[in-house]
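run13.csv follows (CSV, C-alpha atoms):
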chain,number,residue,atom,x,y,z
J,12,MET,CA,100.5,20.6,102.7
J,13,GLY,CA,103.4,22.2,101.0
J,14,ARG,CA,103.0,25.9,100.4
J,15,CYS,CA,99.4,26.1,99.3
J,16,ARG,CA,97.6,29.2,100.4
J,17,VAL,CA,94.1,29.2,99.0
J,18,GLY,CA,91.8,31.9,100.0
J,19,THR,CA,94.4,34.2,101.5
J,20,ILE,CA,94.3,37.5,99.8
J,21,PRO,CA,97.5,39.4,99.4
J,22,GLY,CA,98.0,42.7,101.1
J,23,VAL,CA,100.0,45.6,99.8
J,24,LEU,CA,103.1,47.1,101.3
J,25,LEU,CA,103.9,50.8,101.1
J,26,GLU,CA,106.9,52.8,102.3
J,27,ARG,CA,105.0,56.1,102.1
J,28,LEU,CA,101.4,57.1,102.4
J,29,GLN,CA,101.6,59.6,99.5
J,30,VAL,CA,102.0,57.5,96.4
J,31,ASP,CA,101.9,57.8,92.7
J,32,PRO,CA,98.3,57.0,91.5
J,33,VAL,CA,99.5,54.6,88.7
J,34,ALA,CA,101.5,52.6,91.3
J,35,PHE,CA,98.6,52.6,93.6
J,36,ALA,CA,96.3,51.3,90.9
J,37,GLU,CA,98.8,48.6,89.9
J,38,GLN,CA,99.1,47.4,93.5
J,39,THR,CA,95.5,47.6,94.7
J,40,GLY,CA,93.5,47.5,91.5
J,41,TRP,CA,91.8,50.8,92.4
J,42,GLU,CA,92.2,53.5,89.8
J,43,LEU,CA,91.7,57.1,90.7
J,44,LYS,CA,89.4,58.8,88.2
J,45,PRO,CA,87.3,62.0,88.3
J,46,GLU,CA,84.4,59.9,89.6
J,47,GLY,CA,86.5,58.6,92.5
J,48,ALA,CA,88.3,55.4,93.2
J,49,CYS,CA,87.2,52.8,90.6
J,50,ARG,CA,87.5,49.1,90.2
J,51,ALA,CA,85.4,46.7,88.1
J,52,GLU,CA,83.1,49.5,87.2
J,53,VAL,CA,82.4,50.4,90.8
J,54,CYS,CA,83.4,53.9,91.7
J,55,VAL,CA,83.6,55.3,95.2
J,56,PRO,CA,83.6,59.1,95.4
J,57,LEU,CA,86.6,60.7,97.2
J,58,PRO,CA,87.0,63.9,99.0
J,59,PRO,CA,89.4,66.5,97.5
J,60,GLN,CA,92.1,65.8,100.0
J,61,ALA,CA,92.5,62.3,98.5
J,62,ARG,CA,94.9,63.8,95.9
J,63,GLY,CA,97.9,65.7,97.3
J,64,ALA,CA,100.5,67.9,95.8
J,65,GLY,CA,101.5,66.8,92.3
J,66,GLY,CA,98.6,64.4,92.1
J,67,ALA,CA,99.9,61.9,94.6
J,68,VAL,CA,97.3,59.7,96.3
J,69,ASP,CA,96.8,60.2,100.0
J,70,VAL,CA,96.5,56.6,101.0
J,71,ARG,CA,95.0,57.3,104.4
J,72,VAL,CA,92.1,59.2,102.8
J,73,VAL,CA,91.5,56.6,100.1
J,74,ALA,CA,91.9,53.6,102.5
J,75,GLU,CA,89.4,55.2,104.9
J,76,ARG,CA,86.8,55.5,102.1
J,77,LEU,CA,87.3,52.1,100.7
J,78,GLY,CA,87.5,50.4,104.1
J,79,MET,CA,91.0,49.2,103.6
J,80,PRO,CA,92.8,48.4,106.8
J,81,LEU,CA,96.0,50.4,107.1
J,82,VAL,CA,98.5,48.7,109.4
J,83,PRO,CA,101.7,50.5,110.3
J,84,ASP,CA,104.9,48.9,111.3
J,85,ASP,CA,106.7,52.0,112.7
J,86,ALA,CA,109.9,50.2,113.6
J,87,HIS,CA,110.4,49.4,109.9
J,88,GLY,CA,108.8,52.3,108.3
J,89,VAL,CA,106.3,50.4,106.2
J,90,TRP,CA,102.5,50.1,106.1
J,91,ALA,CA,100.5,47.2,105.0
J,92,VAL,CA,97.2,47.9,103.2
J,93,GLY,CA,94.5,45.3,103.2
J,94,PRO,CA,91.9,44.9,100.5
J,95,ALA,CA,88.8,47.1,100.4
J,96,THR,CA,85.9,46.1,102.6
J,97,ALA,CA,83.6,49.1,102.4
J,98,VAL,CA,82.3,48.5,98.9
J,99,SER,CA,80.3,45.3,99.1
J,100,GLY,CA,81.7,43.6,102.1
J,101,ARG,CA,82.4,40.8,99.7
J,102,ALA,CA,85.2,39.5,97.6
J,103,LEU,CA,83.5,41.0,94.5
J,104,PRO,CA,82.9,44.7,94.5
J,105,SER,CA,80.6,44.1,91.5
J,106,ALA,CA,79.7,41.4,89.1
J,107,VAL,CA,81.9,42.8,86.4
J,108,ALA,CA,84.7,40.3,85.8
J,109,PRO,CA,88.0,41.9,86.5
J,110,GLU,CA,90.9,41.5,84.0
J,111,LEU,CA,93.1,38.6,84.8
J,112,VAL,CA,96.6,38.4,83.3
J,113,LEU,CA,98.5,35.2,84.0
J,114,PRO,CA,101.2,33.1,82.3
J,115,ASP,CA,100.5,29.7,80.9
J,116,ALA,CA,102.8,26.7,81.6
J,117,ASN,CA,105.2,28.0,78.9
J,118,GLY,CA,105.4,31.4,80.4
J,119,ARG,CA,103.3,33.1,77.7
J,120,GLU,CA,101.0,35.8,79.0
J,121,PHE,CA,97.3,35.3,78.7
J,122,ARG,CA,94.5,37.9,79.3
J,123,LEU,CA,91.1,36.8,80.3
J,124,SER,CA,89.6,39.7,78.4
J,125,SER,CA,90.8,38.1,75.2
J,126,LEU,CA,87.9,35.7,75.5
J,127,ARG,CA,85.2,38.3,75.5
J,128,GLY,CA,82.4,37.2,73.3
J,129,GLN,CA,82.5,33.6,74.7
J,130,LYS,CA,81.2,32.1,77.8
J,131,VAL,CA,84.0,31.3,80.1
J,132,VAL,CA,84.2,28.9,83.0
J,133,LEU,CA,87.3,29.7,85.0
J,134,VAL,CA,88.4,26.8,87.1
J,135,ALA,CA,90.9,27.2,89.9
J,136,TRP,CA,92.7,24.0,90.9
J,137,GLY,CA,95.7,22.8,92.8
J,138,SER,CA,98.0,19.9,92.1
J,139,TRP,CA,99.0,19.4,95.7
Y,16,MET,CA,89.8,16.4,83.5
Y,17,TRP,CA,88.3,19.4,81.9
Y,18,GLN,CA,89.4,18.8,78.4
Y,19,ALA,CA,86.5,16.3,77.7
Y,20,LEU,CA,83.9,18.7,78.9
Y,21,ARG,CA,85.5,21.5,77.0
Y,22,ASN,CA,85.4,19.5,73.8
Y,23,GLU,CA,81.7,19.0,74.3
Y,24,LEU,CA,80.9,22.6,75.1
Y,25,HIS,CA,83.4,24.6,73.0
Y,26,GLY,CA,81.2,24.4,69.9
Y,27,ARG,CA,78.6,26.4,71.9
Y,28,ASP,CA,81.1,29.2,72.5
Y,29,LEU,CA,82.0,28.1,76.0
Y,30,GLU,CA,85.7,28.1,76.8
Y,31,VAL,CA,87.3,26.5,79.9
Y,32,VAL,CA,90.3,28.3,81.5
Y,33,THR,CA,92.1,26.4,84.2
Y,34,VAL,CA,94.2,28.2,86.8
Y,35,ALA,CA,96.7,26.3,88.8
Y,36,LEU,CA,97.2,27.7,92.2
Y,37,ASP,CA,100.7,26.3,92.6
Y,38,VAL,CA,103.4,28.4,93.9
Y,39,ASP,CA,105.9,26.5,91.8
Y,40,PRO,CA,105.0,26.4,88.1
Y,41,GLU,CA,107.1,23.3,87.8
Y,42,ALA,CA,104.7,21.5,90.1
Y,43,ALA,CA,101.8,22.2,87.8
Y,44,ARG,CA,103.6,21.7,84.5
Y,45,PRO,CA,103.5,17.9,84.4
Y,46,SER,CA,99.8,17.7,84.9
Y,47,ILE,CA,99.2,20.4,82.3
Y,48,GLU,CA,101.6,18.8,79.8
Y,49,GLU,CA,100.1,15.4,80.3
Y,50,ALA,CA,96.6,16.7,79.7
Y,51,LYS,CA,97.7,18.5,76.5
Y,52,PRO,CA,94.8,20.9,76.8
Y,53,ASP,CA,93.5,23.0,74.0
Y,54,HIS,CA,92.1,25.5,76.4
Y,55,PRO,CA,94.1,28.2,78.3
Y,56,SER,CA,95.9,26.6,81.3
Y,57,LEU,CA,97.3,29.3,83.5
Y,58,ILE,CA,99.5,29.4,86.5
Y,59,ASP,CA,98.7,31.8,89.4
Y,60,ARG,CA,101.6,31.9,91.8
Y,61,ALA,CA,100.4,35.0,93.6
Y,62,HIS,CA,96.9,33.7,93.9
Y,63,LEU,CA,95.4,36.6,92.1
Y,64,VAL,CA,92.2,34.6,91.6
Y,65,ASP,CA,91.8,34.5,95.4
Y,66,GLU,CA,91.6,38.3,95.6
Y,67,LEU,CA,90.0,39.1,92.3
Y,68,PHE,CA,87.3,36.4,92.2
Y,69,GLY,CA,87.0,35.3,95.8
Y,70,VAL,CA,88.3,31.8,95.2
Y,71,VAL,CA,88.6,30.1,98.6
Y,72,ASN,CA,89.0,26.5,97.8
Y,73,VAL,CA,89.9,24.2,95.0
Y,74,PRO,CA,88.5,23.1,92.7
Y,75,ASN,CA,86.4,26.3,92.3
Y,76,GLY,CA,84.6,27.5,89.1
Y,77,VAL,CA,83.6,31.0,88.1
Y,78,TRP,CA,81.2,31.7,85.2
Y,79,ILE,CA,81.8,34.7,83.0
Y,80,ASP,CA,79.4,35.5,80.2
Y,81,GLU,CA,80.0,36.9,76.7
Y,82,GLU,CA,79.8,40.5,78.0
Y,83,GLY,CA,82.4,39.9,80.7
Y,84,MET,CA,79.9,39.7,83.6
Y,85,ILE,CA,80.4,37.1,86.3
Y,86,VAL,CA,77.1,35.1,86.3
Y,87,ARG,CA,78.2,32.6,88.9
Y,88,PRO,CA,80.8,33.4,91.6
Y,89,ALA,CA,83.5,31.1,92.8
Y,90,GLU,CA,82.0,27.8,94.0
Y,91,PRO,CA,83.0,24.1,94.0
Y,92,ALA,CA,83.3,22.8,90.5
Y,93,HIS,CA,83.8,19.3,89.1
Y,94,PRO,CA,84.4,18.3,85.5
Y,95,GLY,CA,82.3,15.2,85.7
Y,96,ARG,CA,82.8,11.6,86.5
Y,97,ASN,CA,86.1,10.0,86.4
Y,98,PRO,CA,86.6,6.3,85.7
Y,99,LEU,CA,86.8,5.4,89.3
Y,100,THR,CA,83.5,7.0,90.4
Y,101,GLU,CA,82.0,5.7,87.2
Y,102,SER,CA,82.9,2.2,88.1
Y,103,PHE,CA,81.1,2.6,91.4
Y,104,ARG,CA,77.9,3.4,89.5
Y,105,THR,CA,78.0,0.9,86.8
Y,106,ILE,CA,79.6,-2.2,88.3
Y,107,ASP,CA,77.3,-5.3,88.4
Y,108,LEU,CA,76.6,-5.7,92.1
Y,109,SER,CA,76.2,-9.5,91.7
Y,110,THR,CA,79.9,-9.7,91.0
Y,111,VAL,CA,81.1,-8.2,94.3
Y,112,PRO,CA,81.0,-9.4,97.9
Y,113,PRO,CA,77.7,-8.6,99.7
Y,114,ASP,CA,79.1,-6.0,102.0
Y,115,VAL,CA,80.7,-4.2,99.1
Y,116,ALA,CA,77.4,-4.4,97.2
Y,117,GLU,CA,75.6,-2.9,100.1
Y,118,MET,CA,78.1,0.0,100.3
Y,119,LEU,CA,77.8,0.7,96.6
Y,120,THR,CA,74.0,0.6,96.8
Y,121,GLU,CA,74.1,3.3,99.4
Y,122,ALA,CA,76.7,5.3,97.5
Y,123,ARG,CA,74.5,5.3,94.4
Y,124,LYS,CA,71.7,7.0,96.4
Y,125,ILE,CA,73.8,10.0,97.1
Y,126,ARG,CA,73.2,12.9,94.7
Y,127,SER,CA,76.3,13.2,92.6
Y,128,ASP,CA,77.8,16.6,92.7
Y,129,PRO,CA,79.9,16.0,89.6
Y,130,ASP,CA,76.8,15.4,87.6
Y,131,ALA,CA,75.1,18.5,89.0
Y,132,TYR,CA,77.9,20.9,88.0
Y,133,VAL,CA,78.2,19.5,84.5
Y,134,ALA,CA,74.4,19.6,84.1
Y,135,MET,CA,74.5,23.3,85.1
Y,136,LEU,CA,77.2,24.0,82.5
Y,137,ARG,CA,75.4,22.2,79.8
Y,138,ASP,CA,72.3,24.2,80.6
Y,139,TRP,CA,74.2,27.4,80.4
Y,140,ALA,CA,75.8,26.4,77.1
Y,141,GLU,CA,72.3,25.6,75.8
Y,142,HIS,CA,70.3,28.6,77.1
Y,143,GLY,CA,72.8,31.3,77.7
Y,144,ASN,CA,71.6,34.0,80.0
Y,145,ALA,CA,68.2,32.5,80.0
Y,146,SER,CA,69.6,29.6,81.9
Y,147,ARG,CA,68.2,29.3,85.4
Y,148,PHE,CA,71.7,28.8,86.7
Y,149,VAL,CA,72.7,32.3,85.6
Y,150,LEU,CA,72.6,34.7,88.5
Y,151,ALA,CA,71.8,38.4,88.5
Y,152,PRO,CA,74.7,40.8,89.3
Y,153,ASP,CA,73.4,41.6,92.8
Y,154,GLU,CA,73.0,37.9,93.5
Y,155,VAL,CA,76.5,37.2,92.2
Y,156,VAL,CA,78.0,39.7,94.6
Y,157,ARG,CA,75.9,38.5,97.5
Y,158,ARG,CA,77.0,34.9,97.0
Y,159,SER,CA,80.6,35.8,96.6
Y,160,ARG,CA,82.9,35.2,99.6
Y,161,PRO,CA,82.4,37.7,102.5
Y,162,ARG,CA,85.4,39.9,103.0
Y,163,GLY,CA,85.1,41.8,106.2
Y,164,VAL,CA,87.4,44.1,108.1
Y,165,ASP,CA,88.8,41.3,110.2
Y,166,GLU,CA,89.9,39.3,107.2
Y,167,ALA,CA,91.3,42.3,105.4
Y,168,THR,CA,93.2,43.3,108.5
Y,169,ALA,CA,94.6,39.8,108.7
Y,170,ALA,CA,95.7,40.1,105.1
Y,171,ALA,CA,97.6,43.3,105.9
Y,172,HIS,CA,99.2,41.8,109.0
Y,173,PHE,CA,100.2,38.7,107.0
Y,174,GLU,CA,101.8,40.8,104.4
Y,175,LEU,CA,103.8,42.6,107.0
Y,176,GLY,CA,104.9,39.4,108.5
Y,177,GLU,CA,106.0,38.0,105.2
Y,178,HIS,CA,107.9,41.1,104.4
Y,179,LEU,CA,109.7,41.3,107.7
Y,180,HIS,CA,110.4,37.6,107.6
Y,181,SER,CA,112.0,37.8,104.3
Y,182,ALA,CA,113.9,40.8,105.5
Y,183,GLY,CA,115.2,38.6,108.3
Y,184,THR,CA,113.2,40.0,111.2
Y,185,THR,CA,111.6,36.9,112.6
Y,186,ARG,CA,110.8,38.6,115.9
Y,187,ARG,CA,108.2,40.9,114.4
Y,188,ARG,CA,106.7,38.2,112.2
Y,189,SER,CA,105.6,36.1,115.1
Y,190,ARG,CA,103.8,39.0,116.5
Y,191,THR,CA,102.0,40.0,113.3
Y,192,GLY,CA,101.3,36.4,112.5
Y,193,ALA,CA,99.5,35.9,115.8
Y,194,ARG,CA,96.9,38.5,114.8
Y,195,ARG,CA,95.7,36.6,111.7
Y,196,THR,CA,92.2,35.2,111.9
Y,197,GLY,CA,91.5,31.5,111.6
Y,198,SER,CA,89.9,32.1,108.2
Y,199,THR,CA,93.2,32.2,106.4
Y,200,PRO,CA,94.7,28.7,106.3
Y,201,THR,CA,98.3,29.0,105.4
Y,202,THR,CA,101.5,27.0,105.9
Y,203,GLY,CA,103.6,29.9,104.7
Y,204,ARG,CA,104.4,30.9,101.2
Y,205,THR,CA,107.3,31.7,98.9
Y,206,SER,CA,107.7,35.1,97.4
Y,207,ALA,CA,104.7,36.7,95.9
Y,208,THR,CA,105.3,39.4,93.3
Y,209,ARG,CA,102.9,41.9,95.0
Y,210,GLY,CA,104.5,41.8,98.5
Y,211,THR,CA,107.5,44.0,98.6
Y,212,SER,CA,107.3,46.5,95.8
Y,213,ARG,CA,108.5,50.0,96.5
Y,214,THR,CA,106.1,52.7,95.5
Y,215,PRO,CA,107.3,56.1,94.3
Y,216,GLY,CA,105.9,59.0,96.3
Y,217,ALA,CA,105.4,62.5,95.2
Y,218,ARG,CA,107.3,63.8,98.2
Y,219,ASP,CA,109.6,62.2,100.7
Y,220,ALA,CA,107.2,61.7,103.6
Y,221,ARG,CA,108.7,60.1,106.7
Y,222,PRO,CA,106.6,57.4,108.4
Y,223,ARG,CA,104.5,58.6,111.3
Y,224,THR,CA,105.0,57.2,114.7
Y,225,THR,CA,101.3,57.2,115.6
Y,226,ALA,CA,98.9,54.6,114.4
Y,227,ALA,CA,97.7,55.5,110.9
Y,228,GLY,CA,94.1,54.4,111.5
Y,229,SER,CA,94.2,50.7,111.3
Y,230,ARG,CA,90.8,49.2,111.8
Y,231,THR,CA,89.9,46.0,113.7
Using C-alpha cells, write down the structure from this file.
Amino acid sequence: MGRCRVGTIPGVLLERLQVDPVAFAEQTGWELKPEGACRAEVCVPLPPQARGAGGAVDVRVVAERLGMPLVPDDAHGVWAVGPATAVSGRALPSAVAPELVLPDANGREFRLSSLRGQKVVLVAWGSW
Amino acid sequence: MWQALRNELHGRDLEVVTVALDVDPEAARPSIEEAKPDHPSLIDRAHLVDELFGVVNVPNGVWIDEEGMIVRPAEPAHPGRNPLTESFRTIDLSTVPPDVAEMLTEARKIRSDPDAYVAMLRDWAEHGNASRFVLAPDEVVRRSRPRGVDEATAAAHFELGEHLHSAGTTRRRSRTGARRTGSTPTTGRTSATRGTSRTPGARDARPRTTAAGSRT
C-alpha cells in the first residue's frame, strides 16, 4: 500500500553509451580500475575496448562482461542499464559489505563504514 | 523496538542501524522521534539497501562484522517480543474462556521466530566470528537473493517506464511496464535520485537505432 517498493532494484538511465568513468561508477557502483570493473572487492577483467577515446567507458562492452541488461528506448534516445548478473547471479557480488551513505531523520549524512571495528546489524523496516 | 536490544548488546561492540524504506522521510520521522534511538536511524528513499544488500522484504536484517564483511545476508529479522505477544505467552490460562485458552495453548507450541533471531544476535555478540550463526563469505553470497537476467532486465524496463512517465509519455510506460516480471511488487514510486541523471560523455554519440544487445 502506498508507494512502498521493497525488493525492486533501481536501474540506471543513460543518454549515451560512452560515459565518463566517474559518472559510471557513481551510478552503477562499478569502478574501472586496471584490474577491470570492480565492486565490493570483486573485479571483472575487461577487454581493451572497454575504454574508448579519452578514457570514456564503452557501456556496451562493460555491460556485456558484467551481465547488465542494456535496454534501448530508441524513440527517446535513452538506454536503461540493469544491475550486473554475471558476477555471482546474486544480489551480493561478494561478502564484502558495500559502503552505504544515507541521511538520518534530521538529514545528517551517515556512512556505514564509520562503524568499522564494531559488529553491525543493519535492519531495514517500513512504517507503512 | 530495536533500542532495547541495542542497549543490551551495545556493550559488546554491536551496533544496530535501522534503515527506513519510506519514500517520504516525513512518514518515518514520527516513529523515529518517538523511539528516540541512540543508534543510527537512517532513511532510504531510493531503496539503496535493496540493491546493495539484496533486501527483499521488511523487516530484514544484515550482519556485518568488525572487518566490514557481511556474515549473514538479508533475512527476516525481529527485535524480540513485544508486550502483545508476551501477554499471549504469560497470561494465566485459567483466567480466560476455554476456547481462548485452547488457542493460546496451541500458539505457545509454535516456535517463536522473535526469540530465535534475538538468540542468534546474542550468540554473535558473545562469540563473534566463532558463533555458529556467522556464515562464510561463499555461503553469504549463496544465501543472498538471486538476481538473474530476467529480474535485472525488469529493473531496466521499470527505470525506462518511470523516466518516460515522469517525462509525460504514458504510452511508452505501459509497454515497458508490461515486461516487468512478477518478482518486483510495486505500486509505483515517486522520484528516485538515481533515475534520471545525465551522464557526461567523452564524445557526442548519437543513439543507435538497432537494439544495443538487451538480454532476456
- In Å, how far is it from atom CA of Y:Val32 to atom CA of J:Val53?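 Atom CA of J:Val53 lies at a distance of 25.2 Å from atom CA of Y:Val32.
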- Message: With distances taken over all atoms listed in the file, which residue among J:Val68, J:Leu133, J:Leu25, J:Leu77 lies nearest J:Ser99?
- Response: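 When distances to J:Ser99 are compared using all atoms listed in the file, the smallest one comes from J:Leu77.
For the atom pair formed by atom CA of J:Ala74 and atom CA of Y:Asn75, the distance is 29.7 Å, given to one decimal.
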- Task: Name the residues in contact with J:Ala116 at a cut-off of 7 Å, using all atoms listed in the file, excluding same-chain residues fewer than 4 positions from it; report them as number ranges by chain.
- Result: Y: 40, 44, 56-58
Could you save those same residues with C-alpha atoms as a PDB file, keeping the file's coordinate frame?
ATOM      1  CA  PRO Y  40     105.000  26.400  88.100  1.00  0.00           C
ATOM      2  CA  ARG Y  44     103.600  21.700  84.500  1.00  0.00           C
ATOM      3  CA  SER Y  56      95.900  26.600  81.300  1.00  0.00           C
ATOM      4  CA  LEU Y  57      97.300  29.300  83.500  1.00  0.00           C
ATOM      5  CA  ILE Y  58      99.500  29.400  86.500  1.00  0.00           C
TER       6      ILE Y  58
END
- Message: As an exercise, work out the distance from atom CA of J:Leu57 to atom CA of J:Ala34 in Å and give it to one decimal place.
- Response: 18.0 Å
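Nearest residue to chain Y, choosing from J:Val33, J:Val23, J:Ala48, J:Val70 and counting all atoms listed in the file: J:Val23.
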- Query: What's the 12 Å shell around stretch 144-150 of chain Y, counting all atoms listed in the file, without same-chain residues fewer than 4 positions away, as a list in words?
  - Reply: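 Contacts, in chain order: Ala106 and Lys130 of chain J; Val77, Trp78, Ile79, Asp80, Glu81, Glu82, Met84, Ile85, Val86, Arg87, Pro88, Ala131, Tyr132, Val133, Ala134, Met135, Leu136, Arg137, Asp138, Trp139, Ala140, Glu154, Val155, Val156, Arg157, Arg158 and Ser159 of chain Y.
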- Which residue out of Y:Ile106, Y:Ile47, Y:Ala19, Y:Met118 has the minimum interatomic distance to chain J when all atoms listed in the file are used?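 Checking each candidate against chain J, we get Y:Ile47 as the closest.
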Exercise: Y:Pro55 partners within 12 Å, all atoms listed in the file, chain neighbours under 5 positions left out, as a CSV table (one decimal) with C-alpha atoms, in the coordinates of the input:
chain,number,residue,atom,x,y,z
J,112,VAL,CA,96.6,38.4,83.3
J,113,LEU,CA,98.5,35.2,84.0
J,114,PRO,CA,101.2,33.1,82.3
J,115,ASP,CA,100.5,29.7,80.9
J,116,ALA,CA,102.8,26.7,81.6
J,117,ASN,CA,105.2,28.0,78.9
J,118,GLY,CA,105.4,31.4,80.4
J,119,ARG,CA,103.3,33.1,77.7
J,120,GLU,CA,101.0,35.8,79.0
J,121,PHE,CA,97.3,35.3,78.7
J,122,ARG,CA,94.5,37.9,79.3
J,123,LEU,CA,91.1,36.8,80.3
J,125,SER,CA,90.8,38.1,75.2
J,126,LEU,CA,87.9,35.7,75.5
J,131,VAL,CA,84.0,31.3,80.1
J,132,VAL,CA,84.2,28.9,83.0
J,133,LEU,CA,87.3,29.7,85.0
J,134,VAL,CA,88.4,26.8,87.1
Y,17,TRP,CA,88.3,19.4,81.9
Y,18,GLN,CA,89.4,18.8,78.4
Y,21,ARG,CA,85.5,21.5,77.0
Y,30,GLU,CA,85.7,28.1,76.8
Y,31,VAL,CA,87.3,26.5,79.9
Y,32,VAL,CA,90.3,28.3,81.5
Y,33,THR,CA,92.1,26.4,84.2
Y,34,VAL,CA,94.2,28.2,86.8
Y,35,ALA,CA,96.7,26.3,88.8
Y,47,ILE,CA,99.2,20.4,82.3
Y,50,ALA,CA,96.6,16.7,79.7
